[in-house]
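File shown here: model_25.pdb, holding PDB, C-alpha atoms and all ligand atoms.
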MODEL        1
ATOM      1  CA  MET A   3     -13.145   1.730  19.100
ATOM      2  CA  PRO A   4     -11.426   2.442  15.830
ATOM      3  CA  THR A   5     -10.038   5.960  15.592
ATOM      4  CA  SER A   6      -9.702   8.015  12.457
ATOM      5  CA  GLN A   7      -5.928   8.448  12.563
ATOM      6  CA  PRO A   8      -3.262   6.001  11.375
ATOM      7  CA  PRO A   9      -0.824   4.976  14.130
ATOM      8  CA  SER A  10       2.164   7.301  14.273
ATOM      9  CA  ILE A  11       4.597   4.391  14.615
ATOM     10  CA  LEU A  12       3.690   3.256  11.113
ATOM     11  CA  ASN A  13       6.775   3.848   8.970
ATOM     12  CA  PHE A  14       6.696   0.916   6.528
ATOM     13  CA  LEU A  15       4.099  -1.380   4.997
ATOM     14  CA  TYR A  16       4.984  -4.984   4.317
ATOM     15  CA  GLY A  17       3.462  -5.962   0.956
ATOM     16  CA  THR A  18       2.129  -9.483   0.461
ATOM     17  CA  ALA A  19       1.638  -9.691  -3.316
ATOM     18  CA  TRP A  20       3.020 -12.572  -5.395
ATOM     19  CA  LYS A  21       4.022 -14.788  -2.456
ATOM     20  CA  GLU A  22       1.540 -17.617  -2.980
ATOM     21  CA  GLU A  23       2.184 -20.546  -0.592
ATOM     22  CA  ARG A  24       5.094 -18.681   1.021
ATOM     23  CA  THR A  25       2.676 -15.964   2.233
ATOM     24  CA  PRO A  26       1.992 -17.313   5.767
ATOM     25  CA  ALA A  27       5.673 -17.860   6.601
ATOM     26  CA  LEU A  28       6.776 -14.532   5.098
ATOM     27  CA  VAL A  29       4.072 -12.562   6.932
ATOM     28  CA  GLU A  30       5.087 -14.216  10.205
ATOM     29  CA  LEU A  31       8.765 -13.501   9.468
ATOM     30  CA  ALA A  32       7.980  -9.858   8.636
ATOM     31  CA  LEU A  33       6.175  -9.464  11.970
ATOM     32  CA  ARG A  34       9.007 -11.179  13.874
ATOM     33  CA  THR A  35      11.466  -8.828  12.138
ATOM     34  CA  GLY A  36       9.473  -5.782  13.258
ATOM     35  CA  PHE A  37       6.980  -4.815  10.563
ATOM     36  CA  ARG A  38       3.641  -3.699  11.999
ATOM     37  CA  GLY A  39       1.843  -2.600   8.826
ATOM     38  CA  ILE A  40       0.618  -5.280   6.395
ATOM     39  CA  ASP A  41      -0.754  -4.591   2.913
ATOM     40  CA  THR A  42      -2.857  -7.165   1.074
ATOM     41  CA  ALA A  43      -5.882  -7.384  -1.252
ATOM     42  CA  ASN A  44      -8.859  -9.688  -1.753
ATOM     43  CA  GLN A  45      -7.553 -10.439  -5.229
ATOM     44  CA  ARG A  46      -6.483 -14.088  -5.374
ATOM     45  CA  ARG A  47      -4.806 -13.517  -8.742
ATOM     46  CA  HIS A  48      -1.929 -11.623  -7.072
ATOM     47  CA  TYR A  49      -2.460 -12.073  -3.313
ATOM     48  CA  PHE A  50      -3.171 -15.001  -0.987
ATOM     49  CA  GLU A  51      -5.148 -13.056   1.622
ATOM     50  CA  GLU A  52      -6.155 -16.195   3.512
ATOM     51  CA  GLY A  53      -2.423 -16.988   3.782
ATOM     52  CA  VAL A  54      -1.847 -13.529   5.267
ATOM     53  CA  GLY A  55      -4.437 -14.440   7.917
ATOM     54  CA  GLN A  56      -2.597 -17.716   8.585
ATOM     55  CA  GLY A  57       0.667 -15.781   9.070
ATOM     56  CA  LEU A  58      -1.042 -13.361  11.441
ATOM     57  CA  ALA A  59      -2.565 -16.226  13.431
ATOM     58  CA  ALA A  60       0.846 -17.904  13.763
ATOM     59  CA  ALA A  61       2.366 -14.642  15.035
ATOM     60  CA  TYR A  62      -0.488 -14.159  17.535
ATOM     61  CA  ARG A  63      -0.107 -17.746  18.789
ATOM     62  CA  ALA A  64       3.645 -17.288  19.241
ATOM     63  CA  GLY A  65       3.081 -14.051  21.191
ATOM     64  CA  VAL A  66       4.989 -11.938  18.630
ATOM     65  CA  VAL A  67       2.191  -9.355  18.271
ATOM     66  CA  THR A  68      -1.479  -8.845  19.055
ATOM     67  CA  ARG A  69      -4.104  -7.581  16.626
ATOM     68  CA  ASP A  70      -3.998  -4.172  18.339
ATOM     69  CA  ASP A  71      -0.295  -3.781  17.501
ATOM     70  CA  LEU A  72      -1.022  -4.000  13.794
ATOM     71  CA  PHE A  73      -2.146  -1.865  10.902
ATOM     72  CA  LEU A  74      -3.954  -4.157   8.424
ATOM     73  CA  GLN A  75      -4.809  -2.863   4.981
ATOM     74  CA  THR A  76      -6.724  -4.685   2.258
ATOM     75  CA  LYS A  77      -8.440  -3.760  -0.989
ATOM     76  CA  PHE A  78     -11.582  -4.094  -3.078
ATOM     77  CA  THR A  79     -10.730  -5.127  -6.656
ATOM     78  CA  TYR A  80     -13.112  -4.815  -9.613
ATOM     79  CA  ARG A  81     -13.955  -7.905 -11.702
ATOM     80  CA  PRO A  82     -11.465  -7.098 -14.555
ATOM     81  CA  GLY A  83      -8.583  -7.172 -12.046
ATOM     82  CA  GLN A  84      -9.585 -10.597 -10.749
ATOM     83  CA  ASP A  85      -9.320 -14.142 -12.086
ATOM     84  CA  HIS A  86     -12.048 -16.784 -11.591
ATOM     85  CA  ARG A  87     -11.477 -16.861  -7.797
ATOM     86  CA  LEU A  88     -13.849 -14.013  -6.936
ATOM     87  CA  PRO A  89     -14.648 -12.842  -3.392
ATOM     88  CA  TYR A  90     -18.113 -11.659  -4.468
ATOM     89  CA  ASP A  91     -21.020 -12.378  -6.795
ATOM     90  CA  PRO A  92     -20.132 -10.574 -10.059
ATOM     91  CA  ALA A  93     -23.836 -10.305 -10.924
ATOM     92  CA  ALA A  94     -24.545  -8.326  -7.751
ATOM     93  CA  SER A  95     -24.465  -4.514  -7.611
ATOM     94  CA  PHE A  96     -21.127  -2.844  -6.842
ATOM     95  CA  SER A  97     -22.356  -1.951  -3.328
ATOM     96  CA  VAL A  98     -23.104  -5.613  -2.630
ATOM     97  CA  GLN A  99     -19.755  -6.668  -4.132
ATOM     98  CA  VAL A 100     -17.952  -4.299  -1.733
ATOM     99  CA  ALA A 101     -19.862  -5.690   1.274
ATOM    100  CA  GLN A 102     -19.187  -9.297   0.203
ATOM    101  CA  SER A 103     -15.507  -8.637  -0.496
ATOM    102  CA  MET A 104     -15.079  -6.953   2.886
ATOM    103  CA  ALA A 105     -16.838  -9.830   4.723
ATOM    104  CA  SER A 106     -14.537 -12.286   2.963
ATOM    105  CA  SER A 107     -11.428 -10.204   3.823
ATOM    106  CA  LEU A 108     -12.366 -10.079   7.513
ATOM    107  CA  GLU A 109     -12.795 -13.858   7.491
ATOM    108  CA  HIS A 110      -9.447 -14.358   5.729
ATOM    109  CA  LEU A 111      -7.665 -12.040   8.150
ATOM    110  CA  GLY A 112      -9.384 -13.349  11.292
ATOM    111  CA  THR A 113     -10.491  -9.926  12.486
ATOM    112  CA  ASP A 114     -13.639  -7.853  12.878
ATOM    113  CA  HIS A 115     -12.116  -4.764  11.271
ATOM    114  CA  VAL A 116      -9.220  -3.707   9.090
ATOM    115  CA  ASP A 117      -7.361  -0.448   9.563
ATOM    116  CA  SER A 118      -7.502   0.652   5.951
ATOM    117  CA  TYR A 119      -9.731  -0.363   3.046
ATOM    118  CA  VAL A 120      -8.527   0.654  -0.393
ATOM    119  CA  LEU A 121     -10.150   0.804  -3.822
ATOM    120  CA  HIS A 122      -7.514  -1.157  -5.758
ATOM    121  CA  GLY A 123      -7.967   0.955  -8.864
ATOM    122  CA  PRO A 124     -10.691   3.061 -10.470
ATOM    123  CA  SER A 125     -12.878   1.392 -13.084
ATOM    124  CA  SER A 126     -11.567   3.550 -15.938
ATOM    125  CA  GLY A 127      -8.166   5.026 -16.680
ATOM    126  CA  TYR A 128      -9.815   8.226 -17.902
ATOM    127  CA  GLY A 129     -11.711   9.472 -14.910
ATOM    128  CA  TRP A 130     -13.838   8.866 -11.803
ATOM    129  CA  THR A 131     -16.967   7.002 -12.951
ATOM    130  CA  ASP A 132     -20.436   6.378 -11.518
ATOM    131  CA  ALA A 133     -19.243   2.850 -10.661
ATOM    132  CA  ASP A 134     -16.352   4.329  -8.633
ATOM    133  CA  ALA A 135     -18.774   6.677  -6.892
ATOM    134  CA  GLU A 136     -21.019   3.731  -5.937
ATOM    135  CA  VAL A 137     -18.044   1.707  -4.689
ATOM    136  CA  TRP A 138     -16.685   4.648  -2.675
ATOM    137  CA  GLU A 139     -20.081   5.229  -1.038
ATOM    138  CA  ALA A 140     -20.250   1.519  -0.184
ATOM    139  CA  MET A 141     -16.751   1.724   1.280
ATOM    140  CA  THR A 142     -17.748   4.680   3.474
ATOM    141  CA  LYS A 143     -20.689   2.568   4.742
ATOM    142  CA  GLU A 144     -18.223  -0.196   5.674
ATOM    143  CA  ARG A 145     -16.200   2.405   7.548
ATOM    144  CA  ASP A 146     -19.281   3.813   9.307
ATOM    145  CA  ALA A 147     -20.202   0.260  10.375
ATOM    146  CA  GLY A 148     -16.750  -0.100  11.993
ATOM    147  CA  ARG A 149     -15.349  -2.676   9.574
ATOM    148  CA  THR A 150     -12.493  -0.370   8.573
ATOM    149  CA  ARG A 151     -11.007   2.641  10.329
ATOM    150  CA  LEU A 152      -9.759   4.422   7.231
ATOM    151  CA  LEU A 153     -10.262   4.457   3.455
ATOM    152  CA  GLY A 154      -7.920   4.768   0.513
ATOM    153  CA  VAL A 155      -7.597   4.669  -3.263
ATOM    154  CA  SER A 156      -4.866   3.147  -5.408
ATOM    155  CA  ASN A 157      -3.509   3.356  -8.963
ATOM    156  CA  ILE A 158      -5.015   6.789  -9.249
ATOM    157  CA  SER A 159      -4.139   9.910 -11.251
ATOM    158  CA  LEU A 160      -4.433  13.565 -10.312
ATOM    159  CA  ARG A 161      -7.399  13.803 -12.687
ATOM    160  CA  HIS A 162      -9.207  10.977 -10.845
ATOM    161  CA  LEU A 163      -8.484  12.613  -7.493
ATOM    162  CA  GLU A 164      -9.775  16.002  -8.616
ATOM    163  CA  GLN A 165     -12.954  14.480 -10.049
ATOM    164  CA  MET A 166     -13.412  12.388  -6.921
ATOM    165  CA  ALA A 167     -13.067  15.532  -4.757
ATOM    166  CA  ALA A 168     -15.755  17.259  -6.849
ATOM    167  CA  VAL A 169     -18.257  14.413  -6.269
ATOM    168  CA  HIS A 170     -17.599  13.279  -2.692
ATOM    169  CA  SER A 171     -17.381  15.312   0.478
ATOM    170  CA  GLU A 172     -14.858  12.936   1.974
ATOM    171  CA  ALA A 173     -11.245  12.628   0.845
ATOM    172  CA  PRO A 174      -9.371   9.337   1.175
ATOM    173  CA  ALA A 175      -6.921   8.952   4.064
ATOM    174  CA  PHE A 176      -4.474   7.150   1.743
ATOM    175  CA  VAL A 177      -3.362   7.122  -1.852
ATOM    176  CA  GLN A 178      -1.299   4.085  -2.888
ATOM    177  CA  ASN A 179       0.563   4.447  -6.199
ATOM    178  CA  ARG A 180       3.453   2.989  -8.164
ATOM    179  CA  CYS A 181       6.151   5.585  -7.882
ATOM    180  CA  TYR A 182       8.352   6.286 -10.913
ATOM    181  CA  ALA A 183      11.389   8.548 -10.556
ATOM    182  CA  ARG A 184      10.981   9.534 -14.213
ATOM    183  CA  LEU A 185       7.551  10.997 -13.339
ATOM    184  CA  GLY A 186       9.059  13.155 -10.618
ATOM    185  CA  TRP A 187       8.294  10.372  -8.130
ATOM    186  CA  ASP A 188       4.544  10.946  -8.862
ATOM    187  CA  ARG A 189       5.004  14.639  -8.006
ATOM    188  CA  ASP A 190       1.509  15.902  -8.990
ATOM    189  CA  VAL A 191      -0.327  13.273  -6.986
ATOM    190  CA  ARG A 192       2.030  13.702  -4.007
ATOM    191  CA  LEU A 193       1.438  17.466  -3.971
ATOM    192  CA  PHE A 194      -2.348  16.957  -4.102
ATOM    193  CA  CYS A 195      -2.007  14.555  -1.165
ATOM    194  CA  ARG A 196       0.234  16.866   0.846
ATOM    195  CA  GLU A 197      -2.213  19.775   0.525
ATOM    196  CA  ARG A 198      -5.046  17.604   1.863
ATOM    197  CA  LYS A 199      -3.087  15.662   4.492
ATOM    198  CA  ILE A 200      -3.613  12.411   2.557
ATOM    199  CA  ILE A 201      -0.863   9.883   3.265
ATOM    200  CA  TYR A 202       0.886   8.825   0.064
ATOM    201  CA  GLN A 203       1.903   5.158   0.018
ATOM    202  CA  GLY A 204       4.571   4.415  -2.596
ATOM    203  CA  PHE A 205       5.145   0.975  -4.111
ATOM    204  CA  SER A 206       7.632  -0.386  -6.650
ATOM    205  CA  LEU A 207      10.107   2.179  -5.313
ATOM    206  CA  LEU A 208      12.967  -0.197  -6.157
ATOM    207  CA  THR A 209      11.633  -2.198  -9.098
ATOM    208  CA  ALA A 210      10.307   0.845 -11.023
ATOM    209  CA  ASN A 211      13.510   2.834 -10.501
ATOM    210  CA  VAL A 212      16.424   0.616 -11.414
ATOM    211  CA  GLU A 213      18.162   3.554 -13.124
ATOM    212  CA  VAL A 214      18.214   5.404  -9.776
ATOM    213  CA  LEU A 215      19.495   2.393  -7.833
ATOM    214  CA  ARG A 216      22.372   2.046 -10.311
ATOM    215  CA  HIS A 217      23.180   5.745 -10.500
ATOM    216  CA  PRO A 218      26.714   6.725  -9.345
ATOM    217  CA  VAL A 219      25.331   9.645  -7.278
ATOM    218  CA  VAL A 220      23.150   7.200  -5.332
ATOM    219  CA  ALA A 221      26.058   4.779  -4.958
ATOM    220  CA  SER A 222      28.277   7.501  -3.478
ATOM    221  CA  LEU A 223      25.573   8.901  -1.154
ATOM    222  CA  ALA A 224      24.812   5.357   0.018
ATOM    223  CA  ALA A 225      28.489   4.598   0.620
ATOM    224  CA  ARG A 226      28.885   7.831   2.595
ATOM    225  CA  ALA A 227      25.853   6.974   4.775
ATOM    226  CA  LYS A 228      27.007   3.329   5.054
ATOM    227  CA  VAL A 229      23.722   2.028   3.665
ATOM    228  CA  THR A 230      22.762   0.167   0.501
ATOM    229  CA  PRO A 231      21.269   2.004  -2.522
ATOM    230  CA  ALA A 232      17.934   0.268  -1.771
ATOM    231  CA  GLN A 233      17.936   1.635   1.780
ATOM    232  CA  LEU A 234      18.811   5.076   0.451
ATOM    233  CA  VAL A 235      15.766   5.033  -1.848
ATOM    234  CA  PHE A 236      13.493   4.233   1.116
ATOM    235  CA  VAL A 237      15.077   7.030   3.209
ATOM    236  CA  PHE A 238      14.600   9.384   0.254
ATOM    237  CA  ALA A 239      10.950   8.298  -0.188
ATOM    238  CA  ARG A 240      10.265   9.115   3.464
ATOM    239  CA  ALA A 241      12.013  12.480   3.085
ATOM    240  CA  LEU A 242       9.474  13.249   0.324
ATOM    241  CA  GLY A 243       6.676  12.429   2.773
ATOM    242  CA  MET A 244       5.835   8.927   1.552
ATOM    243  CA  LEU A 245       4.890   5.844   3.508
ATOM    244  CA  PRO A 246       6.891   3.212   1.570
ATOM    245  CA  LEU A 247       5.964  -0.406   0.870
ATOM    246  CA  THR A 248       8.360  -3.289   0.519
ATOM    247  CA  GLY A 249       7.511  -6.831  -0.455
ATOM    248  CA  THR A 250      10.914  -8.354   0.152
ATOM    249  CA  SER A 251      11.092 -12.121   0.704
ATOM    250  CA  ASN A 252      14.602 -11.912   2.130
ATOM    251  CA  SER A 253      15.140 -11.694   5.906
ATOM    252  CA  GLU A 254      18.290  -9.513   5.602
ATOM    253  CA  HIS A 255      16.439  -7.123   3.300
ATOM    254  CA  MET A 256      13.559  -6.998   5.796
ATOM    255  CA  LYS A 257      16.007  -5.822   8.466
ATOM    256  CA  GLN A 258      17.687  -3.356   6.115
ATOM    257  CA  ASP A 259      14.376  -1.946   4.927
ATOM    258  CA  LEU A 260      13.163  -1.407   8.508
ATOM    259  CA  ALA A 261      16.520   0.110   9.524
ATOM    260  CA  SER A 262      16.089   2.755   6.826
ATOM    261  CA  ALA A 263      13.335   4.303   8.965
ATOM    262  CA  SER A 264      15.904   5.622  11.446
ATOM    263  CA  LEU A 265      18.090   7.280   8.796
ATOM    264  CA  ALA A 266      17.826  10.795   7.399
ATOM    265  CA  LEU A 267      19.137  12.753   4.422
ATOM    266  CA  SER A 268      20.054  16.433   4.293
ATOM    267  CA  PRO A 269      17.875  18.700   2.107
ATOM    268  CA  ASP A 270      20.788  18.936  -0.378
ATOM    269  CA  GLU A 271      21.008  15.141  -0.613
ATOM    270  CA  VAL A 272      17.240  14.879  -1.169
ATOM    271  CA  ARG A 273      17.475  17.489  -3.959
ATOM    272  CA  ALA A 274      20.434  15.634  -5.503
ATOM    273  CA  ILE A 275      18.444  12.390  -5.739
ATOM    274  CA  GLU A 276      15.287  14.160  -6.886
ATOM    275  CA  SER A 277      17.136  15.802  -9.769
ATOM    276  CA  LEU A 278      18.685  12.583 -11.140
ATOM    277  CA  VAL A 279      15.672  11.740 -13.309
ATOM    278  CA  GLY A 280      12.224  13.185 -13.969
TER     279      GLY A 280
HETATM  280  N1  LIG B 301      -1.974  -1.229  -5.351
HETATM  281  C1  LIG B 301      -1.402  -1.962  -6.263
HETATM  282  O1  LIG B 301      -1.906  -2.100  -7.410
HETATM  283  C2  LIG B 301      -0.096  -2.631  -5.985
HETATM  284  C3  LIG B 301       0.703  -3.085  -7.072
HETATM  285  C4  LIG B 301       1.933  -3.670  -6.765
HETATM  286  C5  LIG B 301       2.336  -3.812  -5.451
HETATM  287  N2  LIG B 301       1.522  -3.396  -4.420
HETATM  288  C6  LIG B 301       1.899  -3.618  -3.020
HETATM  289  O2  LIG B 301       3.233  -3.184  -2.822
HETATM  290  C7  LIG B 301       4.015  -4.261  -2.302
HETATM  291  C8  LIG B 301       5.444  -4.097  -2.738
HETATM  292  O3  LIG B 301       5.505  -4.303  -4.143
HETATM  293  P1  LIG B 301       6.652  -3.666  -5.028
HETATM  294  O4  LIG B 301       6.090  -3.498  -6.385
HETATM  295  O5  LIG B 301       7.199  -2.459  -4.294
HETATM  296  O6  LIG B 301       7.738  -4.712  -5.212
HETATM  297  P2  LIG B 301       8.280  -5.840  -4.260
HETATM  298  O7  LIG B 301       7.480  -7.058  -4.448
HETATM  299  O8  LIG B 301       8.387  -5.278  -2.902
HETATM  300  O9  LIG B 301       9.688  -6.082  -4.861
HETATM  301  C9  LIG B 301      10.746  -5.401  -4.335
HETATM  302  C10 LIG B 301      11.984  -5.967  -4.934
HETATM  303  O10 LIG B 301      13.024  -5.274  -4.291
HETATM  304  C11 LIG B 301      13.868  -6.205  -3.642
HETATM  305  N3  LIG B 301      14.269  -5.616  -2.343
HETATM  306  C12 LIG B 301      13.503  -5.239  -1.297
HETATM  307  N4  LIG B 301      14.267  -4.734  -0.310
HETATM  308  C13 LIG B 301      15.531  -4.792  -0.764
HETATM  309  C14 LIG B 301      16.771  -4.430  -0.225
HETATM  310  N5  LIG B 301      16.865  -3.905   0.996
HETATM  311  N6  LIG B 301      17.887  -4.624  -0.971
HETATM  312  C15 LIG B 301      17.798  -5.159  -2.217
HETATM  313  N7  LIG B 301      16.648  -5.540  -2.790
HETATM  314  C16 LIG B 301      15.520  -5.365  -2.059
HETATM  315  C17 LIG B 301      13.108  -7.477  -3.494
HETATM  316  O11 LIG B 301      13.957  -8.589  -3.596
HETATM  317  P3  LIG B 301      14.130  -9.612  -2.338
HETATM  318  O12 LIG B 301      12.830 -10.300  -2.184
HETATM  319  O13 LIG B 301      15.233 -10.480  -2.781
HETATM  320  O14 LIG B 301      14.497  -8.739  -1.181
HETATM  321  C18 LIG B 301      12.140  -7.439  -4.685
HETATM  322  O15 LIG B 301      12.745  -8.004  -5.820
HETATM  323  C19 LIG B 301       3.294  -5.509  -2.840
HETATM  324  O16 LIG B 301       3.601  -6.676  -2.115
HETATM  325  C20 LIG B 301       1.862  -5.098  -2.664
HETATM  326  O17 LIG B 301       1.464  -5.271  -1.320
HETATM  327  C21 LIG B 301       0.337  -2.802  -4.676
ENDMDL
END
Written as structure tokens, that's how I'd like the structure from this file.
Ligand SMILES: NC(=O)c1ccc[n+]([C@@H]2O[C@H](COP(=O)([O-])OP(=O)(O)OC[C@H]3O[C@@H](n4cnc5c(N)ncnc54)[C@H](OP(=O)(O)O)[C@@H]3O)[C@@H](O)[C@H]2O)c1
Amino acid sequence: MPTSQPPSILNFLYGTAWKEERTPALVELALRTGFRGIDTANQRRHYFEEGVGQGLAAAYRAGVVTRDDLFLQTKFTYRPGQDHRLPYDPAASFSVQVAQSMASSLEHLGTDHVDSYVLHGPSSGYGWTDADAEVWEAMTKERDAGRTRLLGVSNISLRHLEQMAAVHSEAPAFVQNRCYARLGWDRDVRLFCRERKIIYQGFSLLTANVEVLRHPVVASLAARAKVTPAQLVFVFARALGMLPLTGTSNSEHMKQDLASASLALSPDEVRAIESLVG
């Protein structure tokens, strides 16, 4: 039976966006390298979810992992975030769209449940809408039916989270956001999450923070720890309480990214990086 807690061994999510026909091979390689958490979305515009399923199947066949070893996360994406390749009937109600998108995800991924189901982004940048409320209720029904263990929201502001908390009794288990150093590494949202034991998943930790990666302080801390600046950013993200994502397509980077999970920074080093920008 699904449980309500994420596995404690989960220290990295392998992201599958923008990989197109390389998706199956890269997912299999990520699993062979040691990743156990996979992030995808039923949004063909940016993700090839069926290809993720093909990569999983190849890894199962080769005896690399079993389904039970894995944490699989996918997302429901509203119509404006999609192209013409929709996983649901756009004329149907939002509740039906969620059910259809989930059924399609389970088929793509070759499983009867995912571990986390995430609202890819709220319907409006300004606040939590009635459409979001309907989608969230439909997602909780999917969870209650056993098709996902946990629920999450993505691309979300503190304002959305506060409004969501005022409307729904249940908080998400995950928040997944792009994490900019210049915004204090999404400080407000991270603090909201910490207070409610919501796990914060950070993406674009490298691509959104090039100024940090190039900073001399980071270069010297990385040299002292005998790691790369990219690894240092992942160690730092974990020190702030994040579950980081990486979407690397490079096998050496996969190993380096995973190795960062066994490294630690002193509180002074964390403060030094935190104070560079934002
Ligand atoms: N919820 C959302 O709306 C949303 C939006 C964007 C992304 N995501 C998720 O987050 C995942 C990750 O996306 P991302 O935006 O963080 O970017 P990304 O696709 O992971 O890109 C990371 C970049 O960093 C490089 N990199 C990774 N590890 C490195 C290392 N050890 N040393 C040097 N370079 C390294 C990669 O290059 P190499 O390939 O050469 O290593 C790549 O250019 C996506 O695949 C997706 O699953 C979610």
Using only C-alpha atoms, which protein or nucleic acid residues come within 12 Å of Leu223 in chain A? Drop anything in the same chain fewer than 2 positions from it, and give the result as a PyMOL selection string.
chain A and resi 214-221+225-235+237-238+266-268+270-272+274-275
Could you give me the axis-aligned bounding box of ligand LIG 301 (chain B), with 5 Å of padding per side, as centre plus edge lengths in Å to one decimal, as AutoDock Vina command-line options?
--center_x 8.0 --center_y -5.9 --center_z -3.2 --size_x 29.9 --size_y 19.3 --size_z 18.4
Contacts to ligand LIG 301 (chain B) at 6 Å cut-off (all atoms listed in the file) as number ranges by chain:
A: 17-19, 41-42, 122, 156-157, 178, 205-209, 232-233, 247-252, 255, 258-259
Which residues would end up in the selection if the PyMOL selection byres (((chain A and resi 167-171) around 10) and not hetatm) were applied here, given that I need the answer as a ChimeraX atom specification?
/A:130,132,135,138-139,161-166,172-174
Writer output for current selection, C-alpha atoms, as an mmCIF file, in the frame of the given file:
data_model
loop_
_atom_site.group_PDB
_atom_site.id
_atom_site.type_symbol
_atom_site.label_atom_id
_atom_site.label_comp_id
_atom_site.auth_asym_id
_atom_site.auth_seq_id
_atom_site.Cartn_x
_atom_site.Cartn_y
_atom_site.Cartn_z
ATOM 1 C CA TRP A 130 -13.838 8.866 -11.803
ATOM 2 C CA ASP A 132 -20.436 6.378 -11.518
ATOM 3 C CA ALA A 135 -18.774 6.677 -6.892
ATOM 4 C CA TRP A 138 -16.685 4.648 -2.675
ATOM 5 C CA GLU A 139 -20.081 5.229 -1.038
ATOM 6 C CA ARG A 161 -7.399 13.803 -12.687
ATOM 7 C CA HIS A 162 -9.207 10.977 -10.845
ATOM 8 C CA LEU A 163 -8.484 12.613 -7.493
ATOM 9 C CA GLU A 164 -9.775 16.002 -8.616
ATOM 10 C CA GLN A 165 -12.954 14.480 -10.049
ATOM 11 C CA MET A 166 -13.412 12.388 -6.921
ATOM 12 C CA GLU A 172 -14.858 12.936 1.974
ATOM 13 C CA ALA A 173 -11.245 12.628 0.845
ATOM 14 C CA PRO A 174 -9.371 9.337 1.175
#
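Across the model, the gap from CA of Val120 in chain A to CA of Arg189 in chain A is 20.9 Å.
With all atoms listed in the file as the atoms that count, the minimum distance from Asn211 in chain A to the choices A:Gly148, A:Met104, A:Arg184, A:Thr131 is reached by A:Arg184.
Shell of range 82-90 of chain A at 8 Å, with only C-alpha atoms counted and residues fewer than 5 places along the chain excluded, is Asn44, Gln45, Arg46, Arg47, Gln99, Val100, Gln102, Ser103 and Ser106 of chain A.
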Quick one: residues within 10 Å of Gly154 in chain A, all atoms listed in the file, excluding same-chain residues fewer than 3 positions away - as a list in words?
Gln75, Thr76, Lys77, Ser118, Tyr119, Val120, Leu121, His122, Trp138, Met141, Ala173, Pro174, Ala175, Phe176, Val177, Gln178, Ile200, Ile201, Tyr202 and Gln203 of chain A
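The coordinates place CA of Ser222 in chain A at 21.7 Å from CA of Lys257 in chain A.
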One residue among A:Asp134, A:Glu213, A:Asp146, A:Glu23 is nearest to Gly57 in chain A when using only C-alpha atoms, and that residue is A:Glu23
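Interatomic distance, CA of Ser125 in chain A to CA of Leu160 in chain A: 15.1 Å.
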